[in-house]
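Asker: There's a structure below that I have some questions on.
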There are 2 protein chains.
Amino acid sequence: MTNRVKVEEKVLSENDRLASELRRQFREHKIVVLNLVSSPGSGKTTLLENTLRALNAELKIAIIAGDVQTENDANRLSAAGGRMVHPIVTGGKCHLDAKMVSDVTARLDLDDVELLFIENVGNLVCPSSYDLGEDMKVVLVSTTEGDDKPMKYPGMFRRSSALVINKTDLLGTSEFSLDRVKENALNINGALKSFEVSCRSGNGLENWYVWLKELVRAKRDGERLT
Amino acid sequence: MTNRVKVEEKVLSENDRLASELRRQFREHKIVVLNLVSSPGSGKTTLLENTLRALNAELKIAIIAGDVQTENDANRLSAAGGRMVHPIVTGGKCHLDAKMVSDVTARLDLDDVELLFIENVGNLVCPSSYDLGEDMKVVLVSTTEGDDKPMKYPGMFRRSSALVINKTDLLGTSEFSLDRVKENALNINGALKSFEVSCRSGNGLENWYVWLKELVRAKRDGERLT
């Protein structure tokens, strides 16, 4: 084993230890935690803006918005009504890790949170290796990317529990096929739950909101999330 | 300095050493080498398909197509007429490094190449740190991503020499502004040369082709590339 591999394993096992501690806290406070991952530009922030507008009055939502540089996303989310929006600027790092998340959650009143979104850095590769204590990873793809993304970035799709296909209003402007992307994704992960949405027109978002509310209810009642 | 940082520095300095050796070989054989970087789905492969169709008869073009998994891109490029297309499957790694490129170029007849494209892994973060011996990095963004991408991934835009703004046929379907993305990019790197293209309609590609031909001519004549 090379020195490099040894250090990588040590970093990941230290991350796993911190992530377990985060998961224990989230469970204790009955918080649903979703780790949102995608390419840059697939629409994670826009999905969260819509979600805040729709559910902010009903659910206690907190958001940790990770970015390599700038707090643009966090500012957009606060403007959309987010009460508890916390930016993490990674300063060049390509992913969030459990330590960065712990540093934020230590300052949060966890009793005041029912649903925590962690918006990861836009990157379909590296964030897949870092557990953040989440209940589920939710991976976004947009219809303006290629429909072979699941095959090209299988690690991320294998480790995610839900797939949001965004920008359905732009279907037909490229060769992208909804059926093909879903088939490619299910070939890698047969348990993937999928949503087809347009954050622009609002189409399909209702199903997403219903699912989020059901997750919060299930967590509150001590049921298994599905 | 932590053990981790030390190992990272060692990896990068070993990469720089190999990249210098690659650059020496490319110069010796008068090959223009462009390292194409972008988010997944911005259209690197589609740009190269178009470029092959337009210039394959005129220039000796080789392509190294990097991907995390699958040889889809390489297959598409061969189908578009590429004579010298070499896939690199990184098997989970988030970037190409100079060693992977060296392993391919060792098997190429470099005297038969005038223009080498290295299509990097779709990732706006990690590939910016790895020199591959290229003359220039070319960064793509598409009009379906956010126009704040240069600010959010400044490292990549700072280290690139040219910017290709793709999918201009989809301008107007979102809030994306051409002026804003160019202003954001120039604020980070005032020397960035930019192209506005639609790989779908063909608009703007002629400027890109003219530039590529001029690079090959300048390299052949021993002039500085601009």
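Letters A, B, ... go to the chains of the structure tokens in the order shown; residues in each chain start at 1; ligands are counted from 1 in the same order.
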For chain A versus chain B, which residues have an atom no more than 10 Å away, and what is each residue's nearest atom pair and distance in Å rounded to one decimal, using only C-alpha atoms, chain-then-number order, as a tab-separated table?

Answerer:
residue	atom	partner	partner_atom	distance
A:Asn3	CA	B:Val7	CA	7.5
A:Arg4	CA	B:Val7	CA	6.1
A:Val5	CA	B:Val7	CA	9.7
A:Lys6	CA	B:Arg4	CA	9.7
A:Val7	CA	B:Arg4	CA	6.1
A:Glu8	CA	B:Arg4	CA	7.9
A:Lys10	CA	B:Arg4	CA	9.2
A:Val11	CA	B:Arg4	CA	8.1
A:Ser38	CA	B:Pro40	CA	9.2
A:Ser39	CA	B:Pro40	CA	6.0
A:Pro40	CA	B:Ser39	CA	6.1
A:Gly41	CA	B:Glu145	CA	4.1
A:Ser42	CA	B:Glu145	CA	6.8
A:Gly43	CA	B:Glu145	CA	8.0
A:Asp67	CA	B:Lys152	CA	6.9
A:Val68	CA	B:Lys152	CA	6.0
A:Gln69	CA	B:Lys152	CA	4.8
A:Thr70	CA	B:Lys152	CA	5.8
A:Glu71	CA	B:Lys152	CA	8.6
A:Asn72	CA	B:Lys152	CA	8.2
A:Asp73	CA	B:Lys152	CA	9.6
A:Val89	CA	B:Lys152	CA	9.6
A:Gly91	CA	B:Tyr153	CA	9.6
A:Gly92	CA	B:Val125	CA	7.2
A:Lys93	CA	B:Val125	CA	7.5
A:Cys94	CA	B:Val125	CA	5.7
A:His95	CA	B:Val125	CA	9.3
A:Val121	CA	B:Val125	CA	9.4
A:Gly122	CA	B:Leu124	CA	8.1
A:Asn123	CA	B:Asn123	CA	5.9
A:Leu124	CA	B:Asn123	CA	7.3
A:Val125	CA	B:Cys94	CA	5.7
A:Cys126	CA	B:Cys94	CA	6.5
A:Ser128	CA	B:Gly92	CA	9.9
A:Ser129	CA	B:Gly92	CA	9.9
A:Val141	CA	B:Gly41	CA	9.5
A:Ser142	CA	B:Gly41	CA	9.0
A:Thr143	CA	B:Gly41	CA	9.5
A:Thr144	CA	B:Thr144	CA	6.8
A:Glu145	CA	B:Gly41	CA	4.1
A:Gly146	CA	B:Gly41	CA	5.6
A:Asp147	CA	B:Gly41	CA	9.0
A:Asp148	CA	B:Asn72	CA	8.4
A:Lys149	CA	B:Pro40	CA	7.8
A:Pro150	CA	B:Gln69	CA	9.6
A:Met151	CA	B:Thr70	CA	6.8
A:Lys152	CA	B:Gln69	CA	4.8
A:Tyr153	CA	B:Val68	CA	6.3
A:Pro154	CA	B:Gln69	CA	7.3
A:Gly155	CA	B:Gly92	CA	7.5
A:Met156	CA	B:Gly92	CA	10.0
A:Lys167	CA	B:Thr144	CA	9.2
A:Asp169	CA	B:Thr173	CA	9.0
A:Leu170	CA	B:Thr173	CA	7.8
A:Thr173	CA	B:Leu170	CA	7.8
A:Ser174	CA	B:Arg200	CA	8.1
A:Arg200	CA	B:Ser174	CA	8.1

Asker: Any idea what's packed within 12 Å of Leu110 in chain B, counting only C-alpha atoms, ignoring anything in its chain fewer than 3 positions away? Could you give it as a short mmCIF file (atom, residue, chain, number, x, y, z; two decimals) with N, CA, C and O atoms, in the first residue's frame?

Answerer:
data_model
loop_
_atom_site.label_atom_id
_atom_site.label_comp_id
_atom_site.auth_asym_id
_atom_site.auth_seq_id
_atom_site.Cartn_x
_atom_site.Cartn_y
_atom_site.Cartn_z
N LEU B 22 6.33 15.68 -20.58
CA LEU B 22 5.33 15.64 -21.66
C LEU B 22 5.43 16.89 -22.53
O LEU B 22 5.43 16.83 -23.76
N GLN B 25 8.26 16.78 -24.92
CA GLN B 25 7.97 15.92 -26.07
C GLN B 25 7.02 16.61 -27.06
O GLN B 25 7.21 16.54 -28.27
N PHE B 26 5.98 17.23 -26.53
CA PHE B 26 4.99 17.88 -27.40
C PHE B 26 5.67 19.01 -28.20
O PHE B 26 5.39 19.21 -29.38
N ARG B 27 6.59 19.73 -27.55
CA ARG B 27 7.28 20.82 -28.23
C ARG B 27 8.18 20.26 -29.32
O ARG B 27 8.21 20.76 -30.45
N GLU B 28 8.89 19.22 -28.98
CA GLU B 28 9.81 18.58 -29.93
C GLU B 28 9.06 18.15 -31.20
O GLU B 28 9.56 18.29 -32.31
N HIS B 29 7.84 17.64 -31.01
CA HIS B 29 7.07 17.15 -32.16
C HIS B 29 6.12 18.23 -32.72
O HIS B 29 5.29 17.92 -33.58
N LYS B 30 6.21 19.45 -32.20
CA LYS B 30 5.39 20.58 -32.66
C LYS B 30 3.89 20.27 -32.62
O LYS B 30 3.17 20.48 -33.63
N ILE B 31 3.46 19.76 -31.50
CA ILE B 31 2.04 19.41 -31.33
C ILE B 31 1.36 20.47 -30.46
O ILE B 31 1.85 20.79 -29.38
N VAL B 32 0.24 20.99 -30.95
CA VAL B 32 -0.60 21.87 -30.12
C VAL B 32 -1.43 20.98 -29.20
O VAL B 32 -2.10 20.06 -29.67
N VAL B 33 -1.37 21.24 -27.90
CA VAL B 33 -2.09 20.40 -26.94
C VAL B 33 -3.07 21.24 -26.13
O VAL B 33 -2.68 22.20 -25.46
N LYS B 60 -3.99 16.82 -38.54
CA LYS B 60 -3.80 15.51 -37.91
C LYS B 60 -4.18 15.62 -36.44
O LYS B 60 -3.40 16.14 -35.63
N ILE B 61 -5.38 15.15 -36.13
CA ILE B 61 -5.95 15.35 -34.80
C ILE B 61 -5.94 14.05 -34.00
O ILE B 61 -6.39 13.02 -34.48
N ALA B 62 -5.42 14.12 -32.78
CA ALA B 62 -5.53 12.99 -31.84
C ALA B 62 -6.32 13.45 -30.62
O ALA B 62 -6.33 14.64 -30.29
N MET B 84 -7.38 8.82 -34.29
CA MET B 84 -6.51 8.54 -33.13
C MET B 84 -7.24 8.96 -31.87
O MET B 84 -7.05 10.06 -31.36
N SER B 102 0.83 10.21 -20.06
CA SER B 102 2.10 9.64 -20.55
C SER B 102 1.92 8.20 -21.02
O SER B 102 2.51 7.78 -22.02
N VAL B 104 -0.55 6.92 -22.39
CA VAL B 104 -1.17 6.91 -23.73
C VAL B 104 -0.19 7.43 -24.79
O VAL B 104 -0.01 6.81 -25.84
N THR B 105 0.46 8.57 -24.50
CA THR B 105 1.31 9.16 -25.54
C THR B 105 2.49 8.25 -25.87
O THR B 105 3.02 8.30 -26.98
N ALA B 106 2.90 7.41 -24.92
CA ALA B 106 4.00 6.46 -25.18
C ALA B 106 3.64 5.52 -26.33
O ALA B 106 4.52 5.00 -27.00
N ARG B 107 2.34 5.31 -26.55
CA ARG B 107 1.91 4.38 -27.60
C ARG B 107 1.52 5.12 -28.89
O ARG B 107 1.13 4.48 -29.88
N VAL B 113 0.92 13.59 -35.33
CA VAL B 113 -0.08 14.41 -34.62
C VAL B 113 0.29 15.89 -34.70
O VAL B 113 1.43 16.27 -34.45
N GLU B 114 -0.70 16.73 -35.09
CA GLU B 114 -0.49 18.19 -35.07
C GLU B 114 -1.28 18.85 -33.94
O GLU B 114 -0.89 19.89 -33.41
N LEU B 115 -2.42 18.24 -33.63
CA LEU B 115 -3.32 18.85 -32.65
C LEU B 115 -3.84 17.74 -31.74
O LEU B 115 -4.45 16.78 -32.21
N LEU B 116 -3.53 17.86 -30.46
CA LEU B 116 -3.97 16.84 -29.49
C LEU B 116 -4.95 17.49 -28.51
O LEU B 116 -4.62 18.46 -27.83
#

Asker: Which parts of chain A does DSSP call strand (DSSP E) when run on the backbone here, written out as an MDAnalysis selection string?

Answerer: chainID A and resid 32:37 61:67 84:89 115:119 136:142 162:166 193:196

Asker: Which residue is closest to Glu134 in chain A? Choose from A:Glu175, A:Asp112, A:Val101, A:Asn203 and count only C-alpha atoms.

Answerer: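 For Glu134 in chain A, the nearest of the given residues is A:Val101.
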
Asker: Looking only at the backbone, which of the residues in range 3-221 of chain A does DSSP tag as alpha helix (DSSP H), as a ChimeraX atom specification?

Answerer: /A:3-28,44-55,72-79,98-105,149-152,154-158,178-188,205-220

Asker: Pick from A:Leu140, A:Leu163, A:Leu59, A:Leu18: nearest to Arg220 in chain A, with only C-alpha atoms counted?

Answerer: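 Of A:Leu140, A:Leu163, A:Leu59, A:Leu18, the one nearest Arg220 in chain A, counting only C-alpha atoms, is A:Leu59.
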
Asker: Hey, which of B:Leu48, B:Val210, B:Ala185, B:Val139 ends up closest to Ala74 in chain B? Count only C-alpha atoms.

Answerer: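 Of all the options, B:Leu48 lies closest to Ala74 in chain B.
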